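Participant: Quick one: the structure is below, questions incoming.
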There are 4 protein chains.
Amino acid sequence: MSFNTFGQLLRITTWGESHGPAIGVVVDGCPPGITFDLKRDVQGFLDKRRPGQSRHTTQRREPDEAKVLSGVVDGVGGVLTTTGTPIHLMIENVDQRSKDYGALAQTFRPGHADYTYWAKYGVRDHRGGGRSSARETACRVAAGAIARLVIKHMVPGAQIRGALVQMGARKIPLEQRAGRWSSAVIDDNDFFCPDGATAVAWAVDLDAIRKAGSSIGAVVEVVAEGMPVGLGAPLYGKLDADLAAAMMSINAVKGVEIGDGMGVAELSGVENADEIRAGNDGKPLFLSNHAGGVLGGISTGQDIVCRFAVKPTSSILTPRRTIDEAGQETDIATKGRHDPCVGIRAVPVGEAMMAIVLADHLLRHRGQVG
Amino acid sequence: MSFNTFGQLLRITTWGESHGPAIGVVVDGCPPGITFDLKRDVQGFLDKRRPGQSRHTTQRREPDEAKVLSGVVDGVGGVLTTTGTPIHLMIENVDQRSKDYGALAQTFRPGHADYTYWAKYGVRDHRGGGRSSARETACRVAAGAIARLVIKHMVPGAQIRGALVQMGARKIPLEQRAGRWSSAVIDDNDFFCPDGATAVAWAVDLDAIRKAGSSIGAVVEVVAEGMPVGLGAPLYGKLDADLAAAMMSINAVKGVEIGDGMGVAELSGVENADEIRAGNDGKPLFLSNHAGGVLGGISTGQDIVCRFAVKPTSSILTPRRTIDEAGQETDIATKGRHDPCVGIRAVPVGEAMMAIVLADHLLRHRGQVG
Amino acid sequence: MSFNTFGQLLRITTWGESHGPAIGVVVDGCPPGITFDLKRDVQGFLDKRRPGQSRHTTQRREPDEAKVLSGVVDGVGGVLTTTGTPIHLMIENVDQRSKDYGALAQTFRPGHADYTYWAKYGVRDHRGGGRSSARETACRVAAGAIARLVIKHMVPGAQIRGALVQMGARKIPLEQRAGRWSSAVIDDNDFFCPDGATAVAWAVDLDAIRKAGSSIGAVVEVVAEGMPVGLGAPLYGKLDADLAAAMMSINAVKGVEIGDGMGVAELSGVENADEIRAGNDGKPLFLSNHAGGVLGGISTGQDIVCRFAVKPTSSILTPRRTIDEAGQETDIATKGRHDPCVGIRAVPVGEAMMAIVLADHLLRHRGQVG
Amino acid sequence: MSFNTFGQLLRITTWGESHGPAIGVVVDGCPPGITFDLKRDVQGFLDKRRPGQSRHTTQRREPDEAKVLSGVVDGVGGVLTTTGTPIHLMIENVDQRSKDYGALAQTFRPGHADYTYWAKYGVRDHRGGGRSSARETACRVAAGAIARLVIKHMVPGAQIRGALVQMGARKIPLEQRAGRWSSAVIDDNDFFCPDGATAVAWAVDLDAIRKAGSSIGAVVEVVAEGMPVGLGAPLYGKLDADLAAAMMSINAVKGVEIGDGMGVAELSGVENADEIRAGNDGKPLFLSNHAGGVLGGISTGQDIVCRFAVKPTSSILTPRRTIDEAGQETDIATKGRHDPCVGIRAVPVGEAMMAIVLADHLLRHRGQVG
């Protein structure tokens with residue numbers, strides 16, 4: 001994993017800033033001969049992440065339309081086929097109100113990358129955060145769509161789904177935890193929330209937060225169902241180590257959990273043991289999944305369960321104390337159009353990163369073991 | 001990060017199984033001209049991780065003596081100087097009671113890598129878990145000692161310290177959180193606990209757990225003090241993404257947090273903003289550290305704070321339901337000498353991984369920015 | 001080095017096919033704060049490689065205009081400054097006469113990648129060779145221009161120059177070998193030839209070859225002057241191993257030499273020793289340069305001399321025996337607009353790859369050694 | 001490819017100096033379930049490279065016995081089975097006459113890495129060249145033996161053979177070029193020479209050179225027979241780019257050729273086209289192999305032919321002018337036990353590197369394409 005590249009055999013490299021002409025991603029190592037429909041198989045996921053879809057996300061208007069510039073051949077009816085060469089997906093930036101950022105030119109938002117970029121590089125593109133903008137995550141979603149095609153090609157029937165499971169102190173109820181999600185419910189509210197009642201409560205919460213000129217944190221859960229046993233490798237190539245890096249590389253993420261996550265600290269060995277019975281299909285039948293589908297860094301064949309916490313947006317209307325590039329003390333309040341809860345739009349991003357990690361590991365496993 | 005290699009410019013590759021003749025690590029990319037004393041600068045850290053030092057860890061007796069086989073020239077008084085070529089550290093295995101593992105040969109411990117290794121590779125070294133044994137972490141500690149030398153060479157005065165901050169449901173009190181640790185206290189109990197009273201309570205807890213034939217989870221916190229602003233890179237080269245991968249690659253770790261970690265979900269943007277004042281030294285003075293010293297993937301110059309949760313050992317005396325390689329249902333109880341709380345000995349391992357990540361990023365930063 | 005990425009700290013990733021909408025390259029890891037003028041510092045090198053500049057190269061008309069889509073901030077007078085984030089350079093394809101390639105759709109050109117792409121991937125973009133087209137080298141030249149900026153920034157006064165030193169059996173005379181090149185001469189003919197008389201002879205040669213419906217091979221030499229001692233690393237990180245990979249990765253290259261190259265086979269140890277005297281500047285004064293500026297994989301401070309052989313274009317008018325995708329025997333003659341000697345336009349490409357390798361090693365050396 | 005690591009999916013990392021206690025190599029990514037006999041399948045190749053086997057190589061006496069310290073399980077009759085985890089092979093250094101090197105402590109051999117190591121790192125292990133010693137190549141041969149097992153496992157019947165095809169100005173006759181080699185002849189002389197008469201002449205040549213206190217260069221050819229079509233990838237992942245890096249990373253190599261190599265400069269497109277007919281087995285039948293079995297970076301299914309030139313040893317008895325670490329002018333004559341033609345023992349090393357590259361590409365191809 002270098003600066004702007006992620007993955008080993010399936011490898012993504014992203015480029016672009018929030019307020020430049022475009023952003024994009026090169027997906028390298030995709031198997032050849034996979035057919036897809038750009039609108040259905042890629043654009044659909046970008047639309048989920050797209051801003052401005054409800055009053056609960058930023059009002060920036062970006063069509064987020066991905067163009068495929070390489071790595072495919074065209075067929076009848078617009079069907080594209082991968083050729084095994086690098087697939088470049090580009091998304092033009094349309095709605096860039098740079099004037100919104102005038103005040104930020106020389107001042108650092110507390111809790112934002114403004115200061116660290118400036119201190120590291122001595123130069124920065126302050127408009128929209130430049131490279132640190134959450135806009136980069138559109139590239140992840142586009143690449144994740146390609147990764148999903150790879151997974152579908154190799155493991156038909158596998159499925160990757162994400163949901164918002166906590167916003168502020170309010171969590172979804174236990175009976176709606178992973179394994180019991182209804183996609184219909186998740187898709188039917190503005191929060192990717194698996195519980196309708198909680199979604200209603202969150203809407204009220206978030207309106208109040210926005211009015212107060214603040215923002216709020218959240219937890220996203222992503223689950224991969226139907227994946228085979230055997231993905232990953234001991235130690236530095238652990239499936240969960242790659243998932244941890246993948247999720248922590250998303251903007252604003254501060255914690256990553258696999259299975260019971262930080263909660264394992266309170267478990268005894270007797271409780272934590274996911275006991276095994278012989279399943280009717282000849283496979284092991286696990287009686288629980290504290291492990292989140294990964295043991296010793298290798299998938300068990302159970303659901304792979306990953307959660308990550310997203311901090312509240314640092315771009316808020318409430319003034320906060322800070323300094324500027326000259327070291328002078330000042331206050332700052334951010335007036336741009338920002339998400340009061342970036343966790344919401346992080347749901348499709350987390351799904352995409354899960355897909356990228358799994359597709360890469362499917363190829364790596366096939367490479368080593370056949 | 002490939003299968004058994006970690007890092008970019010400072011790169012470690014480990015090899016070896018628990019019950020083979022030895023284990024080892026190749027540290028590549030170390031700057032030349034760094035002098036050290038093997039006993040003081042490497043062995044001291046290995047001794048912290050060494051088993052059998054109190055009744056609370058495994059009674060396996062391993063001297064864990066590291067030999068340096070390459071990458072240095074000898075000087076007067078046994079002082080070694082790095083030459084810039086790969087440093088190979090090897091640790092012989094001494095106390096291998098393979099007979100303890102007879103019963104495990106064909107049966108999978110629930111919650112252990114036994115099943116996934118077997119399912120992935122079709123063959124496994126069942127003695128002591130083979131490659132999945134926590135014994136591999138001795139190599140991390142040895143490599144971490146070299147990484148500490150690199151850090152000391154480049155950032156004199158920087159310091160990396162870890163502590164056990166939670167065992168089971170019992171956490172250290174708030175007033176002993178990072179920033180207020182006393183190394184004297186941490187080094188004066190069997191748990192690397194920064195609070196003497198908690199250590200006493202944990203000793204009672206753990207005796208009960210061991211007697212009950214069970215084990216318990218824990219949380220380790222690692223803090224780097226005195227590190228400069230500017231380490232890390234946007235997105236896939238984020239300092240915290242590498243820390244997440246590093247910690248999640250340690251055996252039995254199921255969650256990783258930076259700064260407030262999973263707790264950020266409950267924070268508002270107003271609370272989460274680490275406000276900034278102008279410090280007397282011309283540097284920014286942060287009024288809080290919810291970010292854990294990392295913003296936008298780049299260090300802020302504050303303490304870098306990382307926590308990880310370690311699950312309870314799956315090798316326990318209490319019988320658990322499982323299957324064997326033939327798919328037959330059976331029960332298993334593990335009689336070997338195992339740590340009732342692997343979290344304890346994970347403290348020096350977490351410190352080592354923090355050191356390896358930071359040393360690598362110091363070199364990477366110097367490479368790109370000078 | 002993965003499929004479409006080259007380099008460690010300075011890392012390029014290219015994408016695009018000859019007959020798609022565009023091609024491009026992401027340059028990652030560039031130091032921040034380097035200022036440049038797109039026209040002068042990038043476009044100038046692309047113009048050297050651009051087709052259609054004389055009757056001796058393909059008549060395809062491509063403006064080859066590079067746009068910078070990320071990684072820079074704009075300043076006064078169009079001056080761009082690198083920000084340390086990935087620089088994406090894109091070049092649109094303009095002159096794509098796909099109809100020229102109709103006959104090639106199902107037939108393999110002998111000596112071309114047609115067959116191997118098809119056999120490997122089961123699908124290929126036959127138009128212009130798809131990904132195997134020499135058009136990709138425009139991306140290398142664009143990336144090489146950025147690499148030159150990095151070198152200039154770190155080693156003012158260093159210089160990278162290439163020349164065609166052999167076409168067919170005709171070589172430039174000994175007195176015009178590297179070290180005695182005149183840039184004025186090289187820039188004043190259609191062949192990047194350092195000897196005017198040879199250039200005149202080559203023009204006659206090449207006209208005859210083109211008329212005969214054939215093509216011809218060539219040797220390119222690239223020299224880096226003014227580079228410091230110490231770049232490279234022992235063994236797998238050898239400067240010359242990276243140069244060999246870099247040059248061999250250029251289309252149609254079949255041999256790479258450093259210094260005396262294959263000729264060292266005939267040298268005795270007495271002859272091959274580049275004897276050393278104490279220079280007036282306190283540096284070693286080498287009395288010869290059989291080593292081509294690299295010893296033990298590390299630069300000596302002398303000129304770094306690399307040569308590579310480019311095979312004749314396989315797209316020729318003379319019919320050759322071959323088979324088609326169905327395995328049927330047939331003949332093929334290629335009617336598209338092709339270079340009778342691809343070696344000519346390989347000169348700026350070789351310069352670019354030399355620049356990319358050296359810039360990467362400058363950063364890597366600074367990372368490890370300071 | 002980092003400092004001391006080579007390969008992507010099959011990855012080798014070597015460590016150790018000529019005069020330290022041992023040298024070794026970690027082979028990571030090997031498929032599980034491959035059985036082998038250490039003596040027959042590994043030691044046999046090391047014995048080919050071992051010094052002191054005839055009067056034509058160094059008289060240093062090293063048993064070069066490889067021990068396998070990890071990554072395998074033992075079976076009946078000493079049969080080892082790979083487990084998919086890193087295989088560490090270690091070779092102890094036995095015959096280290098450090099006193100031979102006393103004079104070299106502060107003086108640089110012309111044509112040797114002495115000066116560049118010292119200038120880069122500021123410190124060096126002068127005994128036997130430290131890390132730059134050809135002794136490191138024993139690790140390559142050991143790793144190559146594992147790579148051969150991988151190839152045999154995936155492509156039964158494939159074969160990798162090397163030979164010395166030129167020493168000084170004397171080349172083997174045309175009728176003994178690759179494709180017509182007899183292994184019996186190659187194994188029956190001290191030079192790995194495919195022509196008995198040439199071997200006799202070389203013996204006379206080399207005796208004269210040794211008596212004259214000099215040394216001589218050579219060319220090694222390595223051929224892989226029976227490899228499938230499809231290995232490699234376009235551009236930076238080209239099979240021949242990896243071969244070029246692999247061979248150039250061997251000590252003393254200054255040139256690498258694929259197929260006709262540097263000779264393609266003199267070929268016309270008509271000559272260079274390897275024409276294709278339909279073979280009786282349904283595969284293409286190539287009428288020639290100027291391409292050396294690689295087109296567009298991807299194997300064609302023909303013999304893969306690679307040659308490299310090895311310069312004469314710089315450690316010679318004839319005094320040469322040089323300087324010392326203090327910059328003082330002096331003369332040097334090397335009295336240690338050195339190979340008068342290092343090209344001879346480079347034959348098994350070249351075979352090993354070919355095997356490592358091919359095994360890696362077999363796994364990479366299977367990963368991407370299946």
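How things are named: the first chain in the structure tokens is A, the next is B, and so on; residues count from 1 in each chain; ligands count from 1 in the order shown.
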For segment 290-299 of chain C, work out the shell of residues within 6 Å, counting only C-alpha atoms and skipping chain neighbours fewer than 6 positions away, then give it as a PyMOL selection string.
Facilitator: (chain C and resi 229-234+238-240+258-260+305) or (chain D and resi 113+116)
Participant: Counting only C-alpha atoms, which residues from chain D have an atom at most 9 Å from any atom of chain B, and could you show them as a ChimeraX atom specification?
Facilitator: /D:2-5,8-9,11,13-17,20-24,26,28-29,31-33,69-73,81-88,121-125,131
Participant: Neighbours of Gln166 of chain C within 9 Å (only C-alpha atoms; same-chain residues fewer than 2 positions away dropped), as a list in words?
Facilitator: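 What passes the distance filter is Leu164, Gly168, Ala169, Arg170, Lys171, Ile172, Cys193, Gly217, Ala218, Val219, Val220 and Ala309 of chain C; Ala265 and Glu266 of chain D.
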Participant: Could you jot down the atom CA of Val79 of chain D to atom CA of Gly367 of chain A separation for me, Å, one decimal place?
Facilitator: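 These atoms are spaced 24.7 Å apart.
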Participant: Can you list, as a list in words, every protein, DNA or RNA residue that comes within 8 Å of segment 145-155 of chain D when you count only C-alpha atoms, leaving out same-chain residues fewer than 6 positions away?
Facilitator: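 Result of the neighbour search: Val27, Cys30, Pro31, Ile34, Phe36, Asp41, Val42, Phe45, Gly226, Met227, Pro228, Ala352, Ala355, Ile356, Leu358, Ala359 and Leu362 of chain D.
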Participant: Restrict the selected residues to all heavy atoms and save them as a short mmCIF file (atom, residue, chain, number, x, y, z; two decimals), in the first residue's frame.
Facilitator:
data_model
loop_
_atom_site.label_atom_id
_atom_site.label_comp_id
_atom_site.auth_asym_id
_atom_site.auth_seq_id
_atom_site.Cartn_x
_atom_site.Cartn_y
_atom_site.Cartn_z
N VAL D 27 11.45 -17.70 1.48
CA VAL D 27 10.62 -17.85 0.29
C VAL D 27 9.17 -17.78 0.74
O VAL D 27 8.69 -18.66 1.46
CB VAL D 27 10.89 -19.18 -0.43
CG1 VAL D 27 10.03 -19.30 -1.68
CG2 VAL D 27 12.37 -19.33 -0.76
N CYS D 30 4.78 -19.67 -1.34
CA CYS D 30 4.82 -20.99 -1.99
C CYS D 30 3.48 -21.70 -1.80
O CYS D 30 2.93 -21.71 -0.69
CB CYS D 30 5.94 -21.82 -1.39
SG CYS D 30 6.12 -23.44 -2.16
N PRO D 31 2.91 -22.29 -2.82
CA PRO D 31 1.68 -23.07 -2.65
C PRO D 31 1.88 -24.18 -1.63
O PRO D 31 3.00 -24.70 -1.50
CB PRO D 31 1.42 -23.64 -4.05
CG PRO D 31 2.11 -22.72 -4.98
CD PRO D 31 3.33 -22.25 -4.24
N ILE D 34 3.14 -29.17 -1.57
CA ILE D 34 4.18 -29.65 -2.49
C ILE D 34 5.19 -30.44 -1.68
O ILE D 34 5.74 -29.95 -0.70
CB ILE D 34 4.86 -28.47 -3.22
CG1 ILE D 34 3.83 -27.68 -4.03
CG2 ILE D 34 6.00 -28.96 -4.10
CD1 ILE D 34 4.40 -26.48 -4.76
N PHE D 36 8.78 -32.59 -1.21
CA PHE D 36 10.12 -32.65 -1.80
C PHE D 36 11.12 -33.30 -0.86
O PHE D 36 10.85 -33.47 0.33
CB PHE D 36 10.59 -31.25 -2.23
CG PHE D 36 10.82 -30.27 -1.11
CD1 PHE D 36 12.09 -29.96 -0.67
CD2 PHE D 36 9.74 -29.62 -0.49
CE1 PHE D 36 12.31 -29.04 0.35
CE2 PHE D 36 9.95 -28.70 0.53
CZ PHE D 36 11.24 -28.41 0.95
N ASP D 41 16.22 -32.33 -4.17
CA ASP D 41 15.55 -31.23 -4.86
C ASP D 41 16.12 -29.84 -4.57
O ASP D 41 15.84 -28.90 -5.29
CB ASP D 41 14.05 -31.24 -4.50
CG ASP D 41 13.37 -32.51 -4.99
OD1 ASP D 41 13.72 -32.96 -6.10
OD2 ASP D 41 12.51 -33.05 -4.27
N VAL D 42 16.88 -29.72 -3.50
CA VAL D 42 17.49 -28.42 -3.20
C VAL D 42 19.01 -28.52 -3.23
O VAL D 42 19.69 -27.78 -3.93
CB VAL D 42 17.00 -27.89 -1.83
CG1 VAL D 42 17.71 -26.59 -1.48
CG2 VAL D 42 15.49 -27.70 -1.84
N PHE D 45 21.10 -28.59 -6.52
CA PHE D 45 21.36 -27.34 -7.26
C PHE D 45 22.44 -26.50 -6.57
O PHE D 45 23.25 -25.85 -7.22
CB PHE D 45 20.06 -26.54 -7.42
CG PHE D 45 19.07 -27.25 -8.30
CD1 PHE D 45 17.96 -27.89 -7.78
CD2 PHE D 45 19.28 -27.28 -9.68
CE1 PHE D 45 17.07 -28.56 -8.61
CE2 PHE D 45 18.39 -27.95 -10.51
CZ PHE D 45 17.28 -28.59 -9.98
N GLY D 226 8.90 -25.82 -22.44
CA GLY D 226 7.64 -26.41 -22.00
C GLY D 226 6.73 -25.50 -21.20
O GLY D 226 5.74 -25.96 -20.62
N MET D 227 7.05 -24.20 -21.15
CA MET D 227 6.20 -23.28 -20.41
C MET D 227 4.99 -22.89 -21.26
O MET D 227 5.09 -22.78 -22.48
CB MET D 227 6.97 -22.02 -20.02
CG MET D 227 8.17 -22.26 -19.11
SD MET D 227 7.73 -23.08 -17.53
CE MET D 227 6.66 -21.83 -16.83
N PRO D 228 3.86 -22.64 -20.62
CA PRO D 228 2.64 -22.34 -21.38
C PRO D 228 2.63 -20.93 -21.95
O PRO D 228 3.38 -20.06 -21.50
CB PRO D 228 1.55 -22.48 -20.31
CG PRO D 228 2.23 -22.15 -19.03
CD PRO D 228 3.64 -22.67 -19.18
N ALA D 352 18.27 -20.34 -11.57
CA ALA D 352 17.44 -20.11 -10.38
C ALA D 352 16.57 -18.86 -10.56
O ALA D 352 15.38 -18.87 -10.24
CB ALA D 352 18.32 -19.97 -9.14
N ALA D 355 13.76 -19.54 -12.81
CA ALA D 355 12.74 -20.33 -12.13
C ALA D 355 11.90 -19.46 -11.20
O ALA D 355 10.67 -19.59 -11.14
CB ALA D 355 13.39 -21.47 -11.34
N ILE D 356 12.54 -18.55 -10.50
CA ILE D 356 11.82 -17.69 -9.56
C ILE D 356 10.84 -16.78 -10.30
O ILE D 356 9.69 -16.62 -9.91
CB ILE D 356 12.84 -16.87 -8.71
CG1 ILE D 356 13.58 -17.81 -7.74
CG2 ILE D 356 12.16 -15.73 -7.97
CD1 ILE D 356 14.84 -17.22 -7.14
N LEU D 358 9.52 -17.30 -13.30
CA LEU D 358 8.45 -18.07 -13.93
C LEU D 358 7.44 -18.58 -12.90
O LEU D 358 6.23 -18.56 -13.14
CB LEU D 358 9.03 -19.23 -14.74
CG LEU D 358 9.76 -18.79 -16.03
CD1 LEU D 358 10.44 -20.00 -16.69
CD2 LEU D 358 8.81 -18.10 -17.01
N ALA D 359 7.93 -19.04 -11.76
CA ALA D 359 7.01 -19.52 -10.73
C ALA D 359 6.11 -18.38 -10.26
O ALA D 359 4.89 -18.54 -10.09
CB ALA D 359 7.79 -20.11 -9.56
N LEU D 362 3.57 -17.74 -12.96
CA LEU D 362 2.54 -18.80 -12.99
C LEU D 362 1.47 -18.50 -11.94
O LEU D 362 0.26 -18.60 -12.22
CB LEU D 362 3.17 -20.17 -12.73
CG LEU D 362 3.85 -20.83 -13.93
CD1 LEU D 362 4.72 -22.00 -13.48
CD2 LEU D 362 2.81 -21.31 -14.95
#
Participant: Can you tell me, as a ChimeraX atom specification, what residues are no more than 7 Å from Glu221 of chain B when counting only C-alpha atoms, ignoring any on the same chain fewer than 2 positions away?
Facilitator: /B:162-165,219,223,306-308
Participant: Based on DSSP run over this structure's backbone, return all residues of segment 245-326 of chain C in helix (DSSP H, G or I), as a VMD selection string.
Facilitator: chain C and resid 245 to 248 261 to 266 269 to 272
